[in-house]
Amino acid sequence: MSSPDVPRSHPRYVSLMTREKITAGVARGVTSPHGLIAHGRGEAFDYLLGEISHPFASTAISTAGSLLAASRHPVISVNGNACALSAPELVELARVSGAQLEVNIFHASPERELAIRDMLMEAGATDVLLPSRTHALSHIDSNRRWVHPDGIFTADTVFVPLEDGDRCAALVRNGKYVITVDLNPLSRTARTATVTIVDNLVRCLPEVTAAVNVAKMLNEAGFRAARTPDDVLRDWNNDEILRQAEQTLRGWIR
């Protein structure tokens, strides 16, 4: 079913359009075929969440926005699925937050890295970092350890939607604050990240950008002047967010 064949009145319109973006990403060389499996798994959890954003997601989004606004050197790590689904929204988040965009993928090739960079540039990015082969994260052996020296390697906060659990753990062990978007509150990524947004990336990205804007305005007005990431996270309880998300999932199943 091609996108023009899907009427907006279709009850699965948003889901079908999201699938179209992912499959188009594969055709363009941005998304790995393996990414289709990951997307389907996430979609199943979204069904159980009622395909809506819950209060626990809104709480995490607000904290994520404040953390990005308070960070000295935030970086947005972009893989194939995230790029195919939300390239313009990622570019806008980078613009508002002052974060750099950096490509980082598991099934890596120079061609895919360049394809992702090109798609982000077409969406309005002015600069996109690519992984180096000179700087690597510790505590991880996969290809995803390679990072740009001026990007993830020196970042204090990394926003990593649709992340791999082992790399999320490695980022934390390398001293980074990690914000992730994951529809599965039971995943390694969700349980390892500093701030986990249990929500659909397509739904929540504009809200994260809005939260950054709110945090910046409050800072400029003097309400939260000079807040550091540690200040933002002082009373943050990521485990409680995950508990609420899991409770919501289990309540639906019953």
# chains A, B, ... in the order shown; residues from 1 in each chain; ligands from 1
$ select_by_dssp --residues "region 20-214 of chain A" --states "alpha helix (DSSP H)" --output "PyMOL selection string"
chain A and resi 20-28+33-48+55-70+80-97+110-122+165-173+188-192+201-214
$ write_last_selection --atoms "C-alpha atoms" --output "short mmCIF file (atom, residue, chain, number, x, y, z; two decimals), in the first residue's frame"
data_model
loop_
_atom_site.label_atom_id
_atom_site.label_comp_id
_atom_site.auth_asym_id
_atom_site.auth_seq_id
_atom_site.Cartn_x
_atom_site.Cartn_y
_atom_site.Cartn_z
CA GLU A 20 6.05 3.84 5.04
CA LYS A 21 8.83 6.06 6.40
CA ILE A 22 10.79 3.05 7.67
CA THR A 23 10.49 1.08 4.43
CA ALA A 24 11.38 4.18 2.41
CA GLY A 25 14.44 4.50 4.64
CA VAL A 26 15.51 0.98 3.71
CA ALA A 27 15.04 1.74 0.02
CA ARG A 28 17.17 4.86 0.38
CA PRO A 33 16.69 -4.17 7.02
CA HIS A 34 17.29 -5.27 10.61
CA GLY A 35 15.72 -1.98 11.64
CA LEU A 36 12.36 -3.20 10.35
CA ILE A 37 12.37 -5.88 13.05
CA ALA A 38 13.21 -3.36 15.74
CA HIS A 39 10.44 -1.05 14.56
CA GLY A 40 7.86 -3.85 14.62
CA ARG A 41 8.84 -4.76 18.16
CA GLY A 42 8.40 -1.15 19.26
CA GLU A 43 5.06 -0.87 17.50
CA ALA A 44 3.78 -3.86 19.50
CA PHE A 45 4.54 -2.04 22.75
CA ASP A 46 2.87 1.09 21.41
CA TYR A 47 -0.31 -0.93 20.89
CA LEU A 48 -0.20 -1.86 24.57
CA PRO A 55 1.81 11.22 32.04
CA PHE A 56 5.00 9.29 32.79
CA ALA A 57 6.22 10.18 29.29
CA SER A 58 5.34 13.84 29.79
CA THR A 59 7.30 13.89 33.05
CA ALA A 60 10.35 12.38 31.37
CA ILE A 61 10.03 14.76 28.41
CA SER A 62 10.06 17.77 30.73
CA THR A 63 13.18 16.49 32.50
CA ALA A 64 14.85 15.69 29.18
CA GLY A 65 14.21 19.21 27.94
CA SER A 66 15.65 20.73 31.11
CA LEU A 67 18.68 18.44 30.94
CA LEU A 68 19.43 19.36 27.33
CA ALA A 69 19.04 23.06 28.12
CA ALA A 70 21.40 22.78 31.11
CA GLY A 80 18.94 4.74 10.62
CA ASN A 81 15.50 4.24 12.15
CA ALA A 82 15.52 7.59 13.95
CA CYS A 83 16.60 9.39 10.79
CA ALA A 84 14.00 7.71 8.58
CA LEU A 85 11.21 8.42 11.06
CA SER A 86 12.03 11.93 12.26
CA ALA A 87 14.87 13.67 10.41
CA PRO A 88 13.23 17.15 10.39
CA GLU A 89 12.28 16.86 14.06
CA LEU A 90 15.81 15.80 15.04
CA VAL A 91 17.22 18.76 13.15
CA GLU A 92 14.82 21.12 14.91
CA LEU A 93 15.69 19.67 18.32
CA ALA A 94 19.38 20.19 17.54
CA ARG A 95 18.73 23.80 16.51
CA VAL A 96 16.71 24.67 19.61
CA SER A 97 18.94 22.85 22.11
CA PRO A 110 30.40 4.46 4.85
CA GLU A 111 27.50 4.46 2.39
CA ARG A 112 24.86 4.26 5.15
CA GLU A 113 26.60 6.86 7.28
CA LEU A 114 26.67 9.27 4.34
CA ALA A 115 23.05 8.48 3.44
CA ILE A 116 21.94 9.38 6.97
CA ARG A 117 24.03 12.55 6.92
CA ASP A 118 22.56 13.55 3.56
CA MET A 119 19.00 13.00 4.77
CA LEU A 120 19.63 15.16 7.84
CA MET A 121 21.19 17.86 5.68
CA GLU A 122 18.17 17.79 3.37
CA GLY A 165 21.31 -1.52 25.29
CA ASP A 166 25.02 -2.27 25.29
CA ARG A 167 25.93 1.13 23.88
CA CYS A 168 23.58 2.91 26.27
CA ALA A 169 25.38 1.19 29.14
CA ALA A 170 28.75 2.11 27.62
CA LEU A 171 27.76 5.77 27.32
CA VAL A 172 26.77 5.86 30.99
CA ARG A 173 29.99 4.10 32.01
CA ARG A 188 18.28 -2.77 28.85
CA THR A 189 18.33 0.67 27.28
CA ALA A 190 15.33 1.89 29.25
CA ARG A 191 16.77 0.59 32.51
CA THR A 192 20.27 1.94 31.90
CA LEU A 201 9.59 8.79 18.87
CA VAL A 202 7.33 10.34 16.24
CA ARG A 203 4.89 11.55 18.92
CA CYS A 204 7.33 12.78 21.51
CA LEU A 205 10.12 14.54 19.59
CA PRO A 206 8.20 17.79 19.05
CA GLU A 207 7.34 17.73 22.76
CA VAL A 208 11.02 17.36 23.72
CA THR A 209 11.83 20.40 21.59
CA ALA A 210 9.01 22.34 23.25
CA ALA A 211 10.36 21.31 26.68
CA VAL A 212 13.81 22.65 25.78
CA ASN A 213 12.23 25.96 24.79
CA VAL A 214 10.35 26.15 28.09
#
$ residues_around --residues "Asp141 (chain A)" --least-positions-apart "3" --cutoff "12 Å" --atoms "only C-alpha atoms" --output "PDB file with N, CA and C atoms, in the first residue's frame"
ATOM      1  N   PHE A 106      24.757   0.597  14.079  1.00  0.00           N
ATOM      2  CA  PHE A 106      25.300  -0.728  14.403  1.00  0.00           C
ATOM      3  C   PHE A 106      25.765  -1.442  13.134  1.00  0.00           C
ATOM      4  N   ALA A 136      37.244   6.191  20.345  1.00  0.00           N
ATOM      5  CA  ALA A 136      36.279   5.139  20.646  1.00  0.00           C
ATOM      6  C   ALA A 136      35.840   5.210  22.099  1.00  0.00           C
ATOM      7  N   LEU A 137      34.587   4.828  22.333  1.00  0.00           N
ATOM      8  CA  LEU A 137      34.090   4.693  23.687  1.00  0.00           C
ATOM      9  C   LEU A 137      34.700   3.456  24.333  1.00  0.00           C
ATOM     10  N   SER A 138      34.915   3.511  25.614  1.00  0.00           N
ATOM     11  CA  SER A 138      35.331   2.338  26.370  1.00  0.00           C
ATOM     12  C   SER A 138      34.108   1.486  26.707  1.00  0.00           C
ATOM     13  N   ARG A 144      29.748   0.398  17.101  1.00  0.00           N
ATOM     14  CA  ARG A 144      29.159   1.627  17.639  1.00  0.00           C
ATOM     15  C   ARG A 144      30.073   2.320  18.651  1.00  0.00           C
ATOM     16  N   ARG A 145      31.221   1.706  18.953  1.00  0.00           N
ATOM     17  CA  ARG A 145      32.159   2.372  19.864  1.00  0.00           C
ATOM     18  C   ARG A 145      32.827   3.576  19.214  1.00  0.00           C
ATOM     19  N   TRP A 146      32.889   3.601  17.863  1.00  0.00           N
ATOM     20  CA  TRP A 146      33.588   4.686  17.176  1.00  0.00           C
ATOM     21  C   TRP A 146      32.742   5.944  17.173  1.00  0.00           C
ATOM     22  N   ASP A 166      23.612  -2.221  24.905  1.00  0.00           N
ATOM     23  CA  ASP A 166      25.022  -2.275  25.288  1.00  0.00           C
ATOM     24  C   ASP A 166      25.689  -0.920  25.122  1.00  0.00           C
ATOM     25  N   ARG A 167      25.315  -0.184  24.082  1.00  0.00           N
ATOM     26  CA  ARG A 167      25.928   1.128  23.883  1.00  0.00           C
ATOM     27  C   ARG A 167      25.392   2.135  24.887  1.00  0.00           C
ATOM     28  N   ALA A 170      27.390   1.607  27.834  1.00  0.00           N
ATOM     29  CA  ALA A 170      28.749   2.105  27.625  1.00  0.00           C
ATOM     30  C   ALA A 170      28.789   3.625  27.755  1.00  0.00           C
TER      31      ALA A 170
END
$ atom_distance --atom1 "CA of Glu240 (chain A)" --atom2 "CA of His139 (chain A)"
26.9 Å
$ closest_residue --among "A:Asn184, A:Thr157, A:Ser32, A:Ser142" --to "Ser77 (chain A)" --atoms "only C-alpha atoms"
A:Thr157
$ atom_distance --atom1 "CA of Thr248 (chain A)" --atom2 "CA of Pro185 (chain A)"
10.3 Å
$ select_by_dssp --residues "region 13-241 of chain A" --states "strand (DSSP E)" --output "PyMOL selection string"
chain A and resi 74-78+100-103+128-129+157-159+177-181+195-197
$ write_last_selection --atoms "N, CA and C atoms" --output "short mmCIF file (atom, residue, chain, number, x, y, z; two decimals), in the first residue's frame"
data_model
loop_
_atom_site.label_atom_id
_atom_site.label_comp_id
_atom_site.auth_asym_id
_atom_site.auth_seq_id
_atom_site.Cartn_x
_atom_site.Cartn_y
_atom_site.Cartn_z
N PRO A 74 25.67 19.06 24.59
CA PRO A 74 24.76 17.97 24.23
C PRO A 74 24.96 17.51 22.79
N VAL A 75 24.76 16.23 22.57
CA VAL A 75 24.88 15.65 21.23
C VAL A 75 23.68 14.73 21.00
N ILE A 76 23.13 14.78 19.79
CA ILE A 76 22.04 13.89 19.39
C ILE A 76 22.63 12.80 18.51
N SER A 77 22.57 11.57 18.99
CA SER A 77 23.09 10.42 18.25
C SER A 77 21.97 9.88 17.35
N VAL A 78 22.24 9.76 16.06
CA VAL A 78 21.21 9.41 15.09
C VAL A 78 21.53 8.09 14.41
N GLN A 100 24.76 19.04 18.87
CA GLN A 100 25.29 18.58 17.59
C GLN A 100 24.60 17.29 17.19
N LEU A 101 24.51 17.06 15.90
CA LEU A 101 23.99 15.81 15.35
C LEU A 101 25.17 14.93 14.98
N GLU A 102 25.12 13.66 15.39
CA GLU A 102 26.19 12.73 15.05
C GLU A 102 25.61 11.39 14.62
N VAL A 103 26.05 10.89 13.50
CA VAL A 103 25.59 9.59 13.00
C VAL A 103 26.28 8.48 13.76
N VAL A 128 26.67 17.78 10.29
CA VAL A 128 26.41 16.45 10.84
C VAL A 128 27.74 15.73 11.00
N LEU A 129 28.04 15.32 12.21
CA LEU A 129 29.30 14.62 12.48
C LEU A 129 29.18 13.15 12.12
N THR A 157 26.03 15.24 27.67
CA THR A 157 24.71 14.63 27.55
C THR A 157 24.51 14.13 26.12
N VAL A 158 24.02 12.90 26.00
CA VAL A 158 23.77 12.33 24.68
C VAL A 158 22.31 11.90 24.60
N PHE A 159 21.61 12.44 23.62
CA PHE A 159 20.23 12.04 23.35
C PHE A 159 20.29 10.93 22.31
N TYR A 177 25.52 11.67 30.61
CA TYR A 177 24.09 11.60 30.89
C TYR A 177 23.42 11.14 29.60
N VAL A 178 22.51 10.17 29.71
CA VAL A 178 21.89 9.60 28.52
C VAL A 178 20.38 9.77 28.58
N ILE A 179 19.83 10.37 27.53
CA ILE A 179 18.38 10.48 27.35
C ILE A 179 18.01 9.55 26.21
N THR A 180 17.02 8.69 26.43
CA THR A 180 16.62 7.80 25.36
C THR A 180 15.11 7.80 25.21
N VAL A 181 14.65 7.34 24.06
CA VAL A 181 13.24 7.12 23.78
C VAL A 181 13.07 5.64 23.48
N VAL A 195 17.61 9.27 31.68
CA VAL A 195 16.21 9.69 31.51
C VAL A 195 15.61 8.88 30.37
N THR A 196 14.59 8.10 30.67
CA THR A 196 13.93 7.27 29.66
C THR A 196 12.54 7.82 29.36
N ILE A 197 12.31 8.14 28.10
CA ILE A 197 10.99 8.57 27.64
C ILE A 197 10.31 7.35 27.02
#
$ closest_residue --among "A:Val198, A:Ala193, A:Leu249, A:Ala108" --to "Val160 (chain A)" --atoms "only C-alpha atoms"
A:Ala193
$ atom_distance --atom1 "CA of Val147 (chain A)" --atom2 "CA of Thr228 (chain A)"
24.6 Å
$ residues_around --residues "Pro149 (chain A)" --least-positions-apart "3" --cutoff "9 Å" --atoms "only C-alpha atoms" --output "ChimeraX atom specification"
/A:131-132,134-136,152-154
$ closest_residue --among "A:Arg250, A:His54, A:Arg227, A:His73" --to "Gly151 (chain A)" --atoms "only C-alpha atoms"
A:His73
$ closest_residue --among "A:Ile52, A:Leu162, A:Ile105, A:Ala99" --to "Val30 (chain A)" --atoms "only C-alpha atoms"
A:Ile105
$ closest_residue --among "A:Asp230, A:Glu51, A:Asp156, A:Asp164" --to "Asn104 (chain A)" --atoms "only C-alpha atoms"
A:Asp164
$ decode --residues "region 163-198 of chain A" --atoms "N, CA and C atoms" --output "short mmCIF file (atom, residue, chain, number, x, y, z; two decimals), in the first residue's frame"
data_model
loop_
_atom_site.label_atom_id
_atom_site.label_comp_id
_atom_site.auth_asym_id
_atom_site.auth_seq_id
_atom_site.Cartn_x
_atom_site.Cartn_y
_atom_site.Cartn_z
N GLU A 163 17.91 3.29 20.96
CA GLU A 163 19.30 2.93 21.22
C GLU A 163 19.48 1.45 21.50
N ASP A 164 20.71 0.95 21.29
CA ASP A 164 21.10 -0.41 21.69
C ASP A 164 21.47 -0.41 23.16
N GLY A 165 21.07 -1.47 23.86
CA GLY A 165 21.31 -1.52 25.29
C GLY A 165 22.77 -1.51 25.68
N ASP A 166 23.61 -2.22 24.90
CA ASP A 166 25.02 -2.27 25.29
C ASP A 166 25.69 -0.92 25.12
N ARG A 167 25.31 -0.18 24.08
CA ARG A 167 25.93 1.13 23.88
C ARG A 167 25.39 2.14 24.89
N CYS A 168 24.12 2.03 25.24
CA CYS A 168 23.58 2.91 26.27
C CYS A 168 24.36 2.72 27.57
N ALA A 169 24.60 1.47 27.93
CA ALA A 169 25.38 1.19 29.14
C ALA A 169 26.79 1.74 29.02
N ALA A 170 27.39 1.61 27.83
CA ALA A 170 28.75 2.11 27.62
C ALA A 170 28.79 3.62 27.76
N LEU A 171 27.80 4.31 27.21
CA LEU A 171 27.76 5.77 27.32
C LEU A 171 27.71 6.20 28.78
N VAL A 172 26.87 5.52 29.56
CA VAL A 172 26.77 5.86 30.99
C VAL A 172 28.09 5.58 31.69
N ARG A 173 28.71 4.44 31.38
CA ARG A 173 29.99 4.10 32.01
C ARG A 173 31.11 5.05 31.58
N ASN A 174 30.93 5.71 30.45
CA ASN A 174 31.88 6.72 30.01
C ASN A 174 31.58 8.11 30.58
N GLY A 175 30.65 8.15 31.51
CA GLY A 175 30.38 9.41 32.22
C GLY A 175 29.39 10.33 31.56
N LYS A 176 28.59 9.80 30.62
CA LYS A 176 27.61 10.64 29.93
C LYS A 176 26.24 10.56 30.62
N TYR A 177 25.52 11.67 30.61
CA TYR A 177 24.09 11.60 30.89
C TYR A 177 23.42 11.14 29.60
N VAL A 178 22.51 10.17 29.71
CA VAL A 178 21.89 9.60 28.52
C VAL A 178 20.38 9.77 28.58
N ILE A 179 19.83 10.37 27.53
CA ILE A 179 18.38 10.48 27.35
C ILE A 179 18.01 9.55 26.21
N THR A 180 17.02 8.69 26.43
CA THR A 180 16.62 7.80 25.36
C THR A 180 15.11 7.80 25.21
N VAL A 181 14.65 7.34 24.06
CA VAL A 181 13.24 7.12 23.78
C VAL A 181 13.07 5.64 23.48
N ASP A 182 12.28 4.95 24.28
CA ASP A 182 12.14 3.50 24.15
C ASP A 182 10.73 3.11 24.57
N LEU A 183 10.01 2.43 23.69
CA LEU A 183 8.64 2.03 24.00
C LEU A 183 8.57 0.83 24.95
N ASN A 184 9.70 0.19 25.19
CA ASN A 184 9.74 -0.98 26.06
C ASN A 184 10.41 -0.61 27.38
N PRO A 185 9.64 -0.45 28.47
CA PRO A 185 10.24 -0.05 29.74
C PRO A 185 11.07 -1.17 30.38
N LEU A 186 11.04 -2.37 29.80
CA LEU A 186 11.79 -3.50 30.34
C LEU A 186 13.13 -3.69 29.65
N SER A 187 13.41 -2.91 28.62
CA SER A 187 14.63 -3.11 27.85
C SER A 187 15.86 -2.67 28.64
N ARG A 188 17.02 -3.18 28.22
CA ARG A 188 18.28 -2.77 28.85
C ARG A 188 18.50 -1.27 28.69
N THR A 189 18.16 -0.76 27.52
CA THR A 189 18.33 0.67 27.28
C THR A 189 17.50 1.49 28.26
N ALA A 190 16.22 1.15 28.37
CA ALA A 190 15.33 1.89 29.25
C ALA A 190 15.83 1.87 30.69
N ARG A 191 16.36 0.75 31.12
CA ARG A 191 16.77 0.59 32.51
C ARG A 191 18.16 1.14 32.78
N THR A 192 18.91 1.43 31.73
CA THR A 192 20.27 1.94 31.90
C THR A 192 20.36 3.44 31.74
N ALA A 193 19.50 4.02 30.91
CA ALA A 193 19.58 5.45 30.60
C ALA A 193 19.35 6.31 31.83
N THR A 194 19.82 7.53 31.78
CA THR A 194 19.59 8.49 32.85
C THR A 194 18.13 8.95 32.86
N VAL A 195 17.61 9.27 31.68
CA VAL A 195 16.21 9.69 31.51
C VAL A 195 15.61 8.88 30.37
N THR A 196 14.59 8.10 30.67
CA THR A 196 13.93 7.27 29.66
C THR A 196 12.54 7.82 29.36
N ILE A 197 12.31 8.14 28.10
CA ILE A 197 10.99 8.57 27.64
C ILE A 197 10.31 7.35 27.02
N VAL A 198 9.34 6.79 27.73
CA VAL A 198 8.62 5.62 27.22
C VAL A 198 7.48 6.13 26.35
#
